[in-house]
Structure formats: C-alpha cells, structure tokens
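Text of protein-v6.pdb, listed as PDB, C-alpha atoms and all ligand atoms:
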```
ATOM      1  CA  HIS A 103       0.000   0.000   0.000  1.00  0.00           C
ATOM      2  CA  LYS A 104       1.066   3.605  -0.667  1.00  0.00           C
ATOM      3  CA  PHE A 105       1.733   6.432   1.745  1.00  0.00           C
ATOM      4  CA  PRO A 106       0.909  10.131   1.221  1.00  0.00           C
ATOM      5  CA  VAL A 107       3.623  12.784   1.659  1.00  0.00           C
ATOM      6  CA  VAL A 108       3.409  16.395   2.760  1.00  0.00           C
ATOM      7  CA  VAL A 109       6.112  18.613   1.236  1.00  0.00           C
ATOM      8  CA  PRO A 110       6.417  22.031   2.881  1.00  0.00           C
ATOM      9  CA  ALA A 111       7.654  24.447   0.189  1.00  0.00           C
ATOM     10  CA  ALA A 112       6.160  27.722   1.357  1.00  0.00           C
ATOM     11  CA  GLY A 113       9.361  29.235   2.766  1.00  0.00           C
ATOM     12  CA  VAL A 114      11.113  32.269   1.347  1.00  0.00           C
ATOM     13  CA  GLY A 115      14.678  30.994   1.968  1.00  0.00           C
ATOM     14  CA  LYS A 116      16.221  34.208   3.313  1.00  0.00           C
ATOM     15  CA  ARG A 117      19.540  32.520   4.117  1.00  0.00           C
ATOM     16  CA  MET A 118      20.150  31.734   0.432  1.00  0.00           C
ATOM     17  CA  GLN A 119      20.460  35.421  -0.531  1.00  0.00           C
ATOM     18  CA  ALA A 120      19.038  34.524  -3.937  1.00  0.00           C
ATOM     19  CA  ASP A 121      16.496  36.354  -6.093  1.00  0.00           C
ATOM     20  CA  ARG A 122      13.882  33.669  -5.495  1.00  0.00           C
ATOM     21  CA  PRO A 123      12.977  31.063  -2.826  1.00  0.00           C
ATOM     22  CA  LYS A 124      15.578  28.291  -2.772  1.00  0.00           C
ATOM     23  CA  GLN A 125      13.157  25.593  -3.943  1.00  0.00           C
ATOM     24  CA  TYR A 126      13.015  27.418  -7.302  1.00  0.00           C
ATOM     25  CA  LEU A 127      16.774  27.615  -7.878  1.00  0.00           C
ATOM     26  CA  HIS A 128      17.977  25.500 -10.795  1.00  0.00           C
ATOM     27  CA  LEU A 129      20.108  22.395 -10.762  1.00  0.00           C
ATOM     28  CA  HIS A 130      20.765  20.474 -13.997  1.00  0.00           C
ATOM     29  CA  GLY A 131      18.031  22.459 -15.758  1.00  0.00           C
ATOM     30  CA  LYS A 132      15.303  21.649 -13.229  1.00  0.00           C
ATOM     31  CA  THR A 133      14.223  23.442 -10.062  1.00  0.00           C
ATOM     32  CA  LEU A 134      15.196  21.996  -6.676  1.00  0.00           C
ATOM     33  CA  LEU A 135      11.492  21.459  -6.028  1.00  0.00           C
ATOM     34  CA  GLU A 136      11.122  19.302  -9.161  1.00  0.00           C
ATOM     35  CA  HIS A 137      14.122  17.167  -8.187  1.00  0.00           C
ATOM     36  CA  THR A 138      12.621  16.628  -4.746  1.00  0.00           C
ATOM     37  CA  LEU A 139       9.119  15.831  -6.023  1.00  0.00           C
ATOM     38  CA  HIS A 140      10.434  13.439  -8.690  1.00  0.00           C
ATOM     39  CA  ALA A 141      12.621  11.632  -6.140  1.00  0.00           C
ATOM     40  CA  LEU A 142       9.505  11.012  -4.036  1.00  0.00           C
ATOM     41  CA  HIS A 143       7.069  10.244  -6.850  1.00  0.00           C
ATOM     42  CA  ALA A 144       9.416   7.710  -8.484  1.00  0.00           C
ATOM     43  CA  HIS A 145       9.282   5.518  -5.371  1.00  0.00           C
ATOM     44  CA  PRO A 146       6.674   2.730  -5.754  1.00  0.00           C
ATOM     45  CA  ARG A 147       5.244   3.132  -2.237  1.00  0.00           C
ATOM     46  CA  ILE A 148       4.777   6.907  -2.360  1.00  0.00           C
ATOM     47  CA  GLY A 149       1.216   8.017  -3.078  1.00  0.00           C
ATOM     48  CA  GLN A 150      -0.308  11.479  -3.349  1.00  0.00           C
ATOM     49  CA  ILE A 151       2.008  14.414  -2.627  1.00  0.00           C
ATOM     50  CA  TYR A 152       0.467  17.361  -0.748  1.00  0.00           C
ATOM     51  CA  LEU A 153       2.554  20.390  -1.656  1.00  0.00           C
ATOM     52  CA  ALA A 154       2.318  23.435   0.636  1.00  0.00           C
ATOM     53  CA  LEU A 155       3.116  26.605  -1.309  1.00  0.00           C
ATOM     54  CA  HIS A 156       3.071  30.269  -0.433  1.00  0.00           C
ATOM     55  CA  PRO A 157      -0.465  31.511  -1.275  1.00  0.00           C
ATOM     56  CA  GLN A 158       1.017  34.064  -3.709  1.00  0.00           C
ATOM     57  CA  ASP A 159       3.672  31.744  -5.157  1.00  0.00           C
ATOM     58  CA  PRO A 160       4.354  33.076  -8.682  1.00  0.00           C
ATOM     59  CA  TYR A 161       6.671  30.238  -9.824  1.00  0.00           C
ATOM     60  CA  PHE A 162       4.967  26.879  -9.406  1.00  0.00           C
ATOM     61  CA  GLY A 163       2.293  27.439 -12.072  1.00  0.00           C
ATOM     62  CA  HIS A 164       4.992  27.670 -14.756  1.00  0.00           C
ATOM     63  CA  LEU A 165       6.570  24.290 -14.026  1.00  0.00           C
ATOM     64  CA  PRO A 166       5.804  21.282 -16.279  1.00  0.00           C
ATOM     65  CA  ILE A 167       4.525  19.375 -13.210  1.00  0.00           C
ATOM     66  CA  ALA A 168       2.056  22.132 -12.219  1.00  0.00           C
ATOM     67  CA  ASP A 169      -0.974  20.062 -13.270  1.00  0.00           C
ATOM     68  CA  ALA A 170       0.274  16.592 -12.332  1.00  0.00           C
ATOM     69  CA  ASP A 171      -2.555  14.490 -10.894  1.00  0.00           C
ATOM     70  CA  TRP A 172      -0.240  13.029  -8.217  1.00  0.00           C
ATOM     71  CA  LEU A 173       0.156  16.502  -6.678  1.00  0.00           C
ATOM     72  CA  THR A 174      -2.337  18.370  -4.485  1.00  0.00           C
ATOM     73  CA  ARG A 175      -1.508  22.017  -3.915  1.00  0.00           C
ATOM     74  CA  VAL A 176      -2.329  23.584  -0.534  1.00  0.00           C
ATOM     75  CA  ASP A 177      -1.704  27.060   0.886  1.00  0.00           C
ATOM     76  CA  GLY A 178       1.182  27.070   3.362  1.00  0.00           C
ATOM     77  CA  GLY A 179       1.363  29.114   6.563  1.00  0.00           C
ATOM     78  CA  LEU A 180       3.655  31.449   8.470  1.00  0.00           C
ATOM     79  CA  GLU A 181       6.011  28.789   9.824  1.00  0.00           C
ATOM     80  CA  ARG A 182       7.060  25.403   8.500  1.00  0.00           C
ATOM     81  CA  ALA A 183       4.819  23.649  11.056  1.00  0.00           C
ATOM     82  CA  ASP A 184       1.779  25.651   9.865  1.00  0.00           C
ATOM     83  CA  SER A 185       2.515  24.598   6.289  1.00  0.00           C
ATOM     84  CA  VAL A 186       2.834  20.939   7.296  1.00  0.00           C
ATOM     85  CA  LEU A 187      -0.412  21.058   9.247  1.00  0.00           C
ATOM     86  CA  ALA A 188      -2.217  22.629   6.277  1.00  0.00           C
ATOM     87  CA  GLY A 189      -1.050  19.657   4.194  1.00  0.00           C
ATOM     88  CA  LEU A 190      -2.017  17.072   6.813  1.00  0.00           C
ATOM     89  CA  ASN A 191      -5.496  18.574   7.052  1.00  0.00           C
ATOM     90  CA  GLN A 192      -6.104  17.797   3.358  1.00  0.00           C
ATOM     91  CA  ILE A 193      -5.431  14.071   3.767  1.00  0.00           C
ATOM     92  CA  MET A 194      -8.612  12.091   4.315  1.00  0.00           C
ATOM     93  CA  ASP A 195      -7.849   8.417   4.222  1.00  0.00           C
ATOM     94  CA  ALA A 196      -4.392   7.416   5.410  1.00  0.00           C
ATOM     95  CA  ASP A 197      -2.971   5.740   8.494  1.00  0.00           C
ATOM     96  CA  TRP A 198       0.634   6.922   8.138  1.00  0.00           C
ATOM     97  CA  VAL A 199       2.149   9.979   6.481  1.00  0.00           C
ATOM     98  CA  LEU A 200       5.609  11.181   5.439  1.00  0.00           C
ATOM     99  CA  VAL A 201       6.798  14.779   5.657  1.00  0.00           C
ATOM    100  CA  HIS A 202       9.759  15.819   3.491  1.00  0.00           C
ATOM    101  CA  ASP A 203      11.456  19.200   3.023  1.00  0.00           C
ATOM    102  CA  ALA A 204      11.252  20.657  -0.481  1.00  0.00           C
ATOM    103  CA  ALA A 205      14.862  21.738   0.043  1.00  0.00           C
ATOM    104  CA  ARG A 206      16.228  18.139   0.195  1.00  0.00           C
ATOM    105  CA  PRO A 207      16.538  17.040  -3.442  1.00  0.00           C
ATOM    106  CA  CYS A 208      19.146  14.255  -2.885  1.00  0.00           C
ATOM    107  CA  LEU A 209      16.819  11.779  -1.160  1.00  0.00           C
ATOM    108  CA  ARG A 210      17.652   8.130  -1.923  1.00  0.00           C
ATOM    109  CA  HIS A 211      15.061   5.366  -2.367  1.00  0.00           C
ATOM    110  CA  GLN A 212      16.932   3.084   0.018  1.00  0.00           C
ATOM    111  CA  ASP A 213      16.419   5.692   2.775  1.00  0.00           C
ATOM    112  CA  ILE A 214      12.681   5.864   2.022  1.00  0.00           C
ATOM    113  CA  ASP A 215      12.579   2.033   2.224  1.00  0.00           C
ATOM    114  CA  ALA A 216      14.326   2.017   5.609  1.00  0.00           C
ATOM    115  CA  LEU A 217      11.947   4.613   7.027  1.00  0.00           C
ATOM    116  CA  LEU A 218       8.776   2.960   5.673  1.00  0.00           C
ATOM    117  CA  SER A 219       9.637  -0.284   7.442  1.00  0.00           C
ATOM    118  CA  LEU A 220       8.580   1.498  10.675  1.00  0.00           C
ATOM    119  CA  ALA A 221       4.953   1.101   9.544  1.00  0.00           C
ATOM    120  CA  ASP A 222       5.197  -2.553  10.641  1.00  0.00           C
ATOM    121  CA  GLY A 223       5.867  -1.451  14.227  1.00  0.00           C
ATOM    122  CA  GLN A 224       4.356   0.637  16.989  1.00  0.00           C
ATOM    123  CA  HIS A 225       5.777   4.102  16.433  1.00  0.00           C
ATOM    124  CA  GLY A 226       7.094   6.455  13.793  1.00  0.00           C
ATOM    125  CA  GLY A 227      10.489   8.002  13.331  1.00  0.00           C
ATOM    126  CA  ILE A 228      12.887  10.081  11.313  1.00  0.00           C
ATOM    127  CA  LEU A 229      15.899   9.749   9.059  1.00  0.00           C
ATOM    128  CA  ALA A 230      18.956  10.909  10.968  1.00  0.00           C
ATOM    129  CA  CYS A 231      22.747  10.967  10.771  1.00  0.00           C
ATOM    130  CA  PRO A 232      25.269  10.728  13.606  1.00  0.00           C
ATOM    131  CA  VAL A 233      27.227  13.982  14.038  1.00  0.00           C
ATOM    132  CA  ARG A 234      30.898  13.751  13.028  1.00  0.00           C
ATOM    133  CA  ASP A 235      32.491  16.851  14.496  1.00  0.00           C
ATOM    134  CA  SER A 236      33.156  17.737  18.094  1.00  0.00           C
ATOM    135  CA  MET A 237      30.176  19.725  19.326  1.00  0.00           C
ATOM    136  CA  LYS A 238      30.284  22.998  21.304  1.00  0.00           C
ATOM    137  CA  ARG A 239      27.647  25.239  22.785  1.00  0.00           C
ATOM    138  CA  GLY A 240      28.596  28.927  22.544  1.00  0.00           C
ATOM    139  CA  ASN A 241      28.055  31.525  25.250  1.00  0.00           C
ATOM    140  CA  GLY A 242      26.452  34.004  22.843  1.00  0.00           C
ATOM    141  CA  ALA A 243      29.599  36.173  22.852  1.00  0.00           C
ATOM    142  CA  GLY A 244      31.921  34.155  20.627  1.00  0.00           C
ATOM    143  CA  LEU A 245      33.378  31.875  23.282  1.00  0.00           C
ATOM    144  CA  VAL A 246      32.770  28.215  23.998  1.00  0.00           C
ATOM    145  CA  ALA A 247      30.498  27.802  26.988  1.00  0.00           C
ATOM    146  CA  THR A 248      30.721  24.031  27.048  1.00  0.00           C
ATOM    147  CA  SER A 249      31.534  20.959  24.979  1.00  0.00           C
ATOM    148  CA  VAL A 250      28.568  18.761  24.134  1.00  0.00           C
ATOM    149  CA  CYS A 251      29.240  15.029  24.181  1.00  0.00           C
ATOM    150  CA  ARG A 252      28.617  13.749  20.652  1.00  0.00           C
ATOM    151  CA  ASP A 253      27.829  10.178  21.679  1.00  0.00           C
ATOM    152  CA  ASP A 254      24.366   9.393  20.346  1.00  0.00           C
ATOM    153  CA  LEU A 255      23.966  12.928  18.971  1.00  0.00           C
ATOM    154  CA  TRP A 256      22.193  13.019  15.593  1.00  0.00           C
ATOM    155  CA  HIS A 257      21.293  15.391  12.779  1.00  0.00           C
ATOM    156  CA  ALA A 258      17.534  15.182  12.213  1.00  0.00           C
ATOM    157  CA  LEU A 259      16.797  14.879   8.476  1.00  0.00           C
ATOM    158  CA  THR A 260      13.605  14.287   6.514  1.00  0.00           C
ATOM    159  CA  PRO A 261      11.496  12.416   5.550  1.00  0.00           C
ATOM    160  CA  GLN A 262       9.880  11.996   8.941  1.00  0.00           C
ATOM    161  CA  PHE A 263       7.191   9.311   9.138  1.00  0.00           C
ATOM    162  CA  PHE A 264       4.347   9.088  11.689  1.00  0.00           C
ATOM    163  CA  PRO A 265       0.791   7.859  12.180  1.00  0.00           C
ATOM    164  CA  LEU A 266      -1.381  10.617  10.675  1.00  0.00           C
ATOM    165  CA  PRO A 267      -3.880  11.234  13.513  1.00  0.00           C
ATOM    166  CA  ALA A 268      -1.154  11.375  16.192  1.00  0.00           C
ATOM    167  CA  LEU A 269       1.020  13.747  14.137  1.00  0.00           C
ATOM    168  CA  ARG A 270      -1.883  16.048  13.317  1.00  0.00           C
ATOM    169  CA  GLU A 271      -2.861  16.260  16.961  1.00  0.00           C
ATOM    170  CA  ALA A 272       0.722  16.740  18.180  1.00  0.00           C
ATOM    171  CA  LEU A 273       1.455  19.567  15.722  1.00  0.00           C
ATOM    172  CA  GLN A 274      -1.847  21.278  16.449  1.00  0.00           C
ATOM    173  CA  HIS A 275      -1.195  21.096  20.174  1.00  0.00           C
ATOM    174  CA  ALA A 276       2.413  22.329  19.926  1.00  0.00           C
ATOM    175  CA  LEU A 277       1.367  25.303  17.778  1.00  0.00           C
ATOM    176  CA  THR A 278      -1.506  26.209  20.094  1.00  0.00           C
ATOM    177  CA  GLU A 279       0.881  26.135  23.070  1.00  0.00           C
ATOM    178  CA  GLY A 280       3.342  28.398  21.248  1.00  0.00           C
ATOM    179  CA  HIS A 281       6.277  25.962  21.065  1.00  0.00           C
ATOM    180  CA  THR A 282       9.011  26.429  18.468  1.00  0.00           C
ATOM    181  CA  ILE A 283       8.678  23.434  16.193  1.00  0.00           C
ATOM    182  CA  THR A 284      11.375  22.941  13.550  1.00  0.00           C
ATOM    183  CA  ASP A 285      10.425  19.386  12.648  1.00  0.00           C
ATOM    184  CA  GLU A 286       7.636  16.845  13.161  1.00  0.00           C
ATOM    185  CA  ALA A 287       9.651  14.808  15.669  1.00  0.00           C
ATOM    186  CA  SER A 288       9.809  17.740  18.095  1.00  0.00           C
ATOM    187  CA  ALA A 289       6.003  17.931  18.182  1.00  0.00           C
ATOM    188  CA  MET A 290       5.752  14.147  18.665  1.00  0.00           C
ATOM    189  CA  GLU A 291       8.298  14.285  21.515  1.00  0.00           C
ATOM    190  CA  LEU A 292       6.304  17.034  23.254  1.00  0.00           C
ATOM    191  CA  ALA A 293       3.281  14.730  23.096  1.00  0.00           C
ATOM    192  CA  SER A 294       5.400  11.902  24.636  1.00  0.00           C
ATOM    193  CA  HIS A 295       5.371   9.688  21.540  1.00  0.00           C
ATOM    194  CA  PRO A 296       8.525   7.609  20.985  1.00  0.00           C
ATOM    195  CA  VAL A 297      10.446   8.650  17.844  1.00  0.00           C
ATOM    196  CA  ALA A 298      12.740   6.105  16.149  1.00  0.00           C
ATOM    197  CA  LEU A 299      16.106   7.170  14.724  1.00  0.00           C
ATOM    198  CA  VAL A 300      16.643   5.539  11.328  1.00  0.00           C
ATOM    199  CA  GLU A 301      20.174   6.103  10.071  1.00  0.00           C
ATOM    200  CA  GLY A 302      20.072   7.693   6.610  1.00  0.00           C
ATOM    201  CA  SER A 303      22.599   8.819   4.006  1.00  0.00           C
ATOM    202  CA  PRO A 304      24.584  11.939   4.922  1.00  0.00           C
ATOM    203  CA  ASP A 305      24.159  13.267   1.375  1.00  0.00           C
ATOM    204  CA  ASN A 306      20.447  13.959   2.038  1.00  0.00           C
ATOM    205  CA  ILE A 307      21.378  17.596   2.728  1.00  0.00           C
ATOM    206  CA  LYS A 308      19.024  20.521   3.155  1.00  0.00           C
ATOM    207  CA  ILE A 309      19.886  23.335   0.780  1.00  0.00           C
ATOM    208  CA  THR A 310      20.269  26.288   3.129  1.00  0.00           C
ATOM    209  CA  HIS A 311      23.312  28.338   2.067  1.00  0.00           C
ATOM    210  CA  PRO A 312      24.456  29.149  -1.498  1.00  0.00           C
ATOM    211  CA  GLN A 313      27.388  26.701  -1.386  1.00  0.00           C
ATOM    212  CA  ASP A 314      24.993  23.791  -0.629  1.00  0.00           C
ATOM    213  CA  LEU A 315      23.723  24.002  -4.197  1.00  0.00           C
ATOM    214  CA  ALA A 316      27.092  22.989  -5.675  1.00  0.00           C
ATOM    215  CA  LEU A 317      27.265  20.058  -3.264  1.00  0.00           C
ATOM    216  CA  ALA A 318      23.794  18.830  -4.234  1.00  0.00           C
ATOM    217  CA  GLU A 319      24.751  19.134  -7.897  1.00  0.00           C
ATOM    218  CA  LEU A 320      27.806  16.976  -7.263  1.00  0.00           C
ATOM    219  CA  TYR A 321      25.767  14.286  -5.446  1.00  0.00           C
ATOM    220  CA  LEU A 322      23.110  14.150  -8.164  1.00  0.00           C
ATOM    221  CA  THR A 323      25.729  14.029 -10.940  1.00  0.00           C
ATOM    222  CA  GLU A 324      27.542  11.132  -9.254  1.00  0.00           C
ATOM    223  CA  ARG A 325      24.305   9.163  -9.127  1.00  0.00           C
ATOM    224  CA  SER A 326      23.324   9.706 -12.744  1.00  0.00           C
ATOM    225  CA  LYS A 327      26.644   8.209 -13.948  1.00  0.00           C
TER
HETATM  226  O1  LIG B   1      13.742  27.350   6.468  1.00  0.00           O
HETATM  227  P1  LIG B   1      13.961  25.869   6.462  1.00  0.00           P
HETATM  228  O2  LIG B   1      15.143  25.475   5.616  1.00  0.00           O
HETATM  229  O3  LIG B   1      13.943  25.219   7.796  1.00  0.00           O
HETATM  230  O4  LIG B   1      12.665  25.295   5.691  1.00  0.00           O
HETATM  231  C1  LIG B   1      12.434  23.913   5.576  1.00  0.00           C
HETATM  232  C2  LIG B   1      11.288  23.683   4.602  1.00  0.00           C
HETATM  233  O5  LIG B   1      10.077  24.229   5.112  1.00  0.00           O
HETATM  234  C3  LIG B   1      11.537  24.331   3.237  1.00  0.00           C
HETATM  235  O6  LIG B   1      11.215  23.374   2.247  1.00  0.00           O
HETATM  236  C4  LIG B   1      10.590  25.526   3.246  1.00  0.00           C
HETATM  237  O7  LIG B   1      10.103  25.873   1.960  1.00  0.00           O
HETATM  238  C5  LIG B   1       9.442  25.036   4.135  1.00  0.00           C
HETATM  239  N1  LIG B   1       8.675  26.133   4.788  1.00  0.00           N
HETATM  240  C6  LIG B   1       7.292  26.181   4.605  1.00  0.00           C
HETATM  241  N2  LIG B   1       6.546  27.181   5.180  1.00  0.00           N
HETATM  242  C7  LIG B   1       7.152  28.145   5.917  1.00  0.00           C
HETATM  243  C8  LIG B   1       8.565  28.100   6.125  1.00  0.00           C
HETATM  244  C9  LIG B   1       9.298  27.061   5.551  1.00  0.00           C
HETATM  245  O8  LIG B   1       6.709  25.336   3.926  1.00  0.00           O
HETATM  246  N3  LIG B   1       6.399  29.115   6.428  1.00  0.00           N
END
```
Any chance you could put this one into structure tokens?
Ligand code: C5P
Amino acid sequence: HKFPVVVPAAGVGKRMQADRPKQYLHLHGKTLLEHTLHALHAHPRIGQIYLALHPQDPYFGHLPIADADWLTRVDGGLERADSVLAGLNQIMDADWVLVHDAARPCLRHQDIDALLSLADGQHGGILACPVRDSMKRGNGAGLVATSVCRDDLWHALTPQFFPLPALREALQHALTEGHTITDEASAMELASHPVALVEGSPDNIKITHPQDLALAELYLTERSK
C-alpha cells in the first residue's frame, strides 16, 4: 500500500540570498522542487504528494509538473509547522504519512525504504545521521560555553514518518501552546510519543546556504553516472 507525503515548500529561503525562494533555484536544468518531487514520486510506495506553497507563489504554475494528478496544492502558513499542518489537514484516508522538506533534493530510495519499514511497528520516526564533528555550545559572545558530548547525537533529516492522527494532533497542540517546532519529531516528543532514529545517508542535505547548491549538484551528478 502507498503512503501520502506532505512537502512544505512555502518558505522564502532568506539565508540563500538569492532572487527567489531556494526551492526554485535551478540544478541540472530543473528546479530543486522538481528534483525533490520526482525523487519522491518515483518511489513505488509513495502516493499522493500534498505540496504546501506560499499563497502568492508566482513560480509553481509555470513548471511542467504544475498540473500533475499526483500533486495536491495547498496554501502554506507562516512557519514550516503551519505549512505541514495545512497539508495534513487535506489528507482524508491514510494511516501513516511522510513529511519531506522541499529543500532536500538528494533523497535516496533506500532511505525511504528504511523509514517505511517502521509502519510494521508501533511508532514512527525520522531519518537521521550521527554527528561527526566535536560539538560545542557557545556563550552568545563568541566563546565556547561548554563541549557537548557527541555520543548518540544526531542530525535530524527528513522524511519523517508518523501515524497521521497522532502527528496532526501533536502539531496542532504544539502550535496552540506556542512551542518552536522545527520538525515533526519535536512535536511528537512534546506529546510523549517515541520517535525512532533511522540512520540515513549523509548526502540527504538541506539546501540552506548558497554553497549547498554545488554540493547537491555533485551528489546528483555522481548518481546519474
Ligand atoms: O527554512 P527551512 O530550511 O527550515 O525550511 C524547511 C522547509 O520548510 C523548506 O522546504 C521551506 O520551503 C518550508 N517552509 C514552509 N513554510 C514556511 C517556512 C518554511 O513550507 N512558512
């Protein structure tokens, strides 16, 4: 059976310093958003994709995939969590749902497979990577306040995969309470749901800064060889 995906793509990408939101920057002649959506859609167990866009998005309508029947467009919100919730609220008949950042075009099918295997168990989880560097917390004035032990410290990636009703409720609750929610797992944790760590590929990067684009290009080129 197939699983729906929510793709939040309603951000403006201020950190990219580009002339357009990062999901519309080009890589090998296609936008980042198209790479991401194709990576998801090409997987046999991925169903309908609910794409949260800025209500005044001027770019999406010009893409060749604008009218694809496997895409449902929804209006995003102020924060990423609002956009995700808007997508979740459009899904009628699913038990589990994936959420994947539009800004992660290098997603591998083997990582989707690993994550989807959680559907056979009790709780959802996220793709994640162990941190490699020594970790420090700063004191806010340019000095190290303390070293953070990196044992069992992970980067949280996407997709994140959870039972739909529990995720919807957890996000709604976290937003109502005014918590800062940067991913689905943080809302699930607040609601005391266990969240599994599924080790994924480190090349599933989120395009955030301009130099990330060249790295993504390199990863995608390597794969097409
Ligand atoms: O800003 P950040 O890199 O954390 O954004 C992660 C994803 O969330 C991006 O794909 C972005 O387009 C999306 N987003 C959204 N709605 C917002 C803010 C961000 O869909 N209000």
With all atoms listed in the file counted and 8 Å as the cut-off, give the residues of region 149-228 of chain A in contact with region 267-284 of chain A, each with its shortest interatomic distance in Å and the pair that gives it, as JSON lines.
```
{"residue": "A:Arg182", "atom": "CA", "partner": "A:Thr284", "partner_atom": "CA", "distance": 7.1}
{"residue": "A:Ala183", "atom": "CA", "partner": "A:Ile283", "partner_atom": "CA", "distance": 6.4}
{"residue": "A:Asp184", "atom": "CA", "partner": "A:Leu277", "partner_atom": "CA", "distance": 7.9}
{"residue": "A:Leu187", "atom": "CA", "partner": "A:Arg270", "partner_atom": "CA", "distance": 6.6}
{"residue": "A:Leu190", "atom": "CA", "partner": "A:Arg270", "partner_atom": "CA", "distance": 6.6}
{"residue": "A:Asn191", "atom": "CA", "partner": "A:Arg270", "partner_atom": "CA", "distance": 7.7}
{"residue": "A:Asp197", "atom": "CA", "partner": "A:Pro267", "partner_atom": "CA", "distance": 7.5}
```
I'd like the neighbourhood of Arg210 (chain A) as JSON, numbers by chain, where a residue qualifies if any of its atoms comes within 9 Å (using only C-alpha atoms), though same-chain residues fewer than 6 positions away should be ignored. {"A": [141, 142, 302, 303, 305, 306]}
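Here the question is which of A:Ser294, A:Asp235, A:Gly163, A:His311 gets nearest to ligand LIG 1 (chain B) using all atoms listed in the file, and that residue is A:His311.
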Any residue with an atom at most 9 Å from ligand LIG 1 (chain B) counts, using all atoms listed in the file. Which are they? Put them as a PyMOL selection string. chain A and resi 109-117+123-125+135+153-156+178-186+202-206+284-285+308-310
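Compared by their closest atoms to Ala221 (chain A), and using only C-alpha atoms, the residues A:Val176, A:Leu292, A:Val199, A:Ala316 rank with A:Val199 nearest.
Neighbours of Asp222 (chain A) closer than or equal to 12 Å, with only C-alpha atoms counted and sequence neighbours fewer than 4 positions away skipped, come out as Asp197, Trp198, Ala216, Leu217, Leu218, Gly226, Phe264 and Pro265 of chain A.
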With C-alpha atoms retained, could you export that selection as a compact mmCIF listing (two decimals), in the frame of the given file?
```
# COMPACT_ATOMS: atom_id res chain seq x y z
CA ASP A 197 -2.97 5.74 8.49
CA TRP A 198 0.63 6.92 8.14
CA ALA A 216 14.33 2.02 5.61
CA LEU A 217 11.95 4.61 7.03
CA LEU A 218 8.78 2.96 5.67
CA GLY A 226 7.09 6.46 13.79
CA PHE A 264 4.35 9.09 11.69
CA PRO A 265 0.79 7.86 12.18
```
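With only C-alpha atoms as the atoms that count, the residue of A:Phe162, A:Tyr126, A:Tyr152, A:Trp256 with the shortest distance to Met194 (chain A) is A:Tyr152.
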Kindly give the distance, in Å, that separates CA of Leu200 (chain A) and CA of Gly149 (chain A), rounded to a single decimal.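 Computing the Euclidean distance for CA of Leu200 (chain A) and CA of Gly149 (chain A) yields 10.1 Å.
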Separation of CA of Asp253 (chain A) and CA of His225 (chain A), in Å? 23.5 Å
Calculated over all atoms listed in the file, which of the candidates A:Ser326, A:Gln150, A:Thr138, A:Gln158 has the smallest distance to Phe105 (chain A)?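 Checking each of A:Ser326, A:Gln150, A:Thr138, A:Gln158 against Phe105 (chain A), counting all atoms listed in the file, the winner is A:Gln150.
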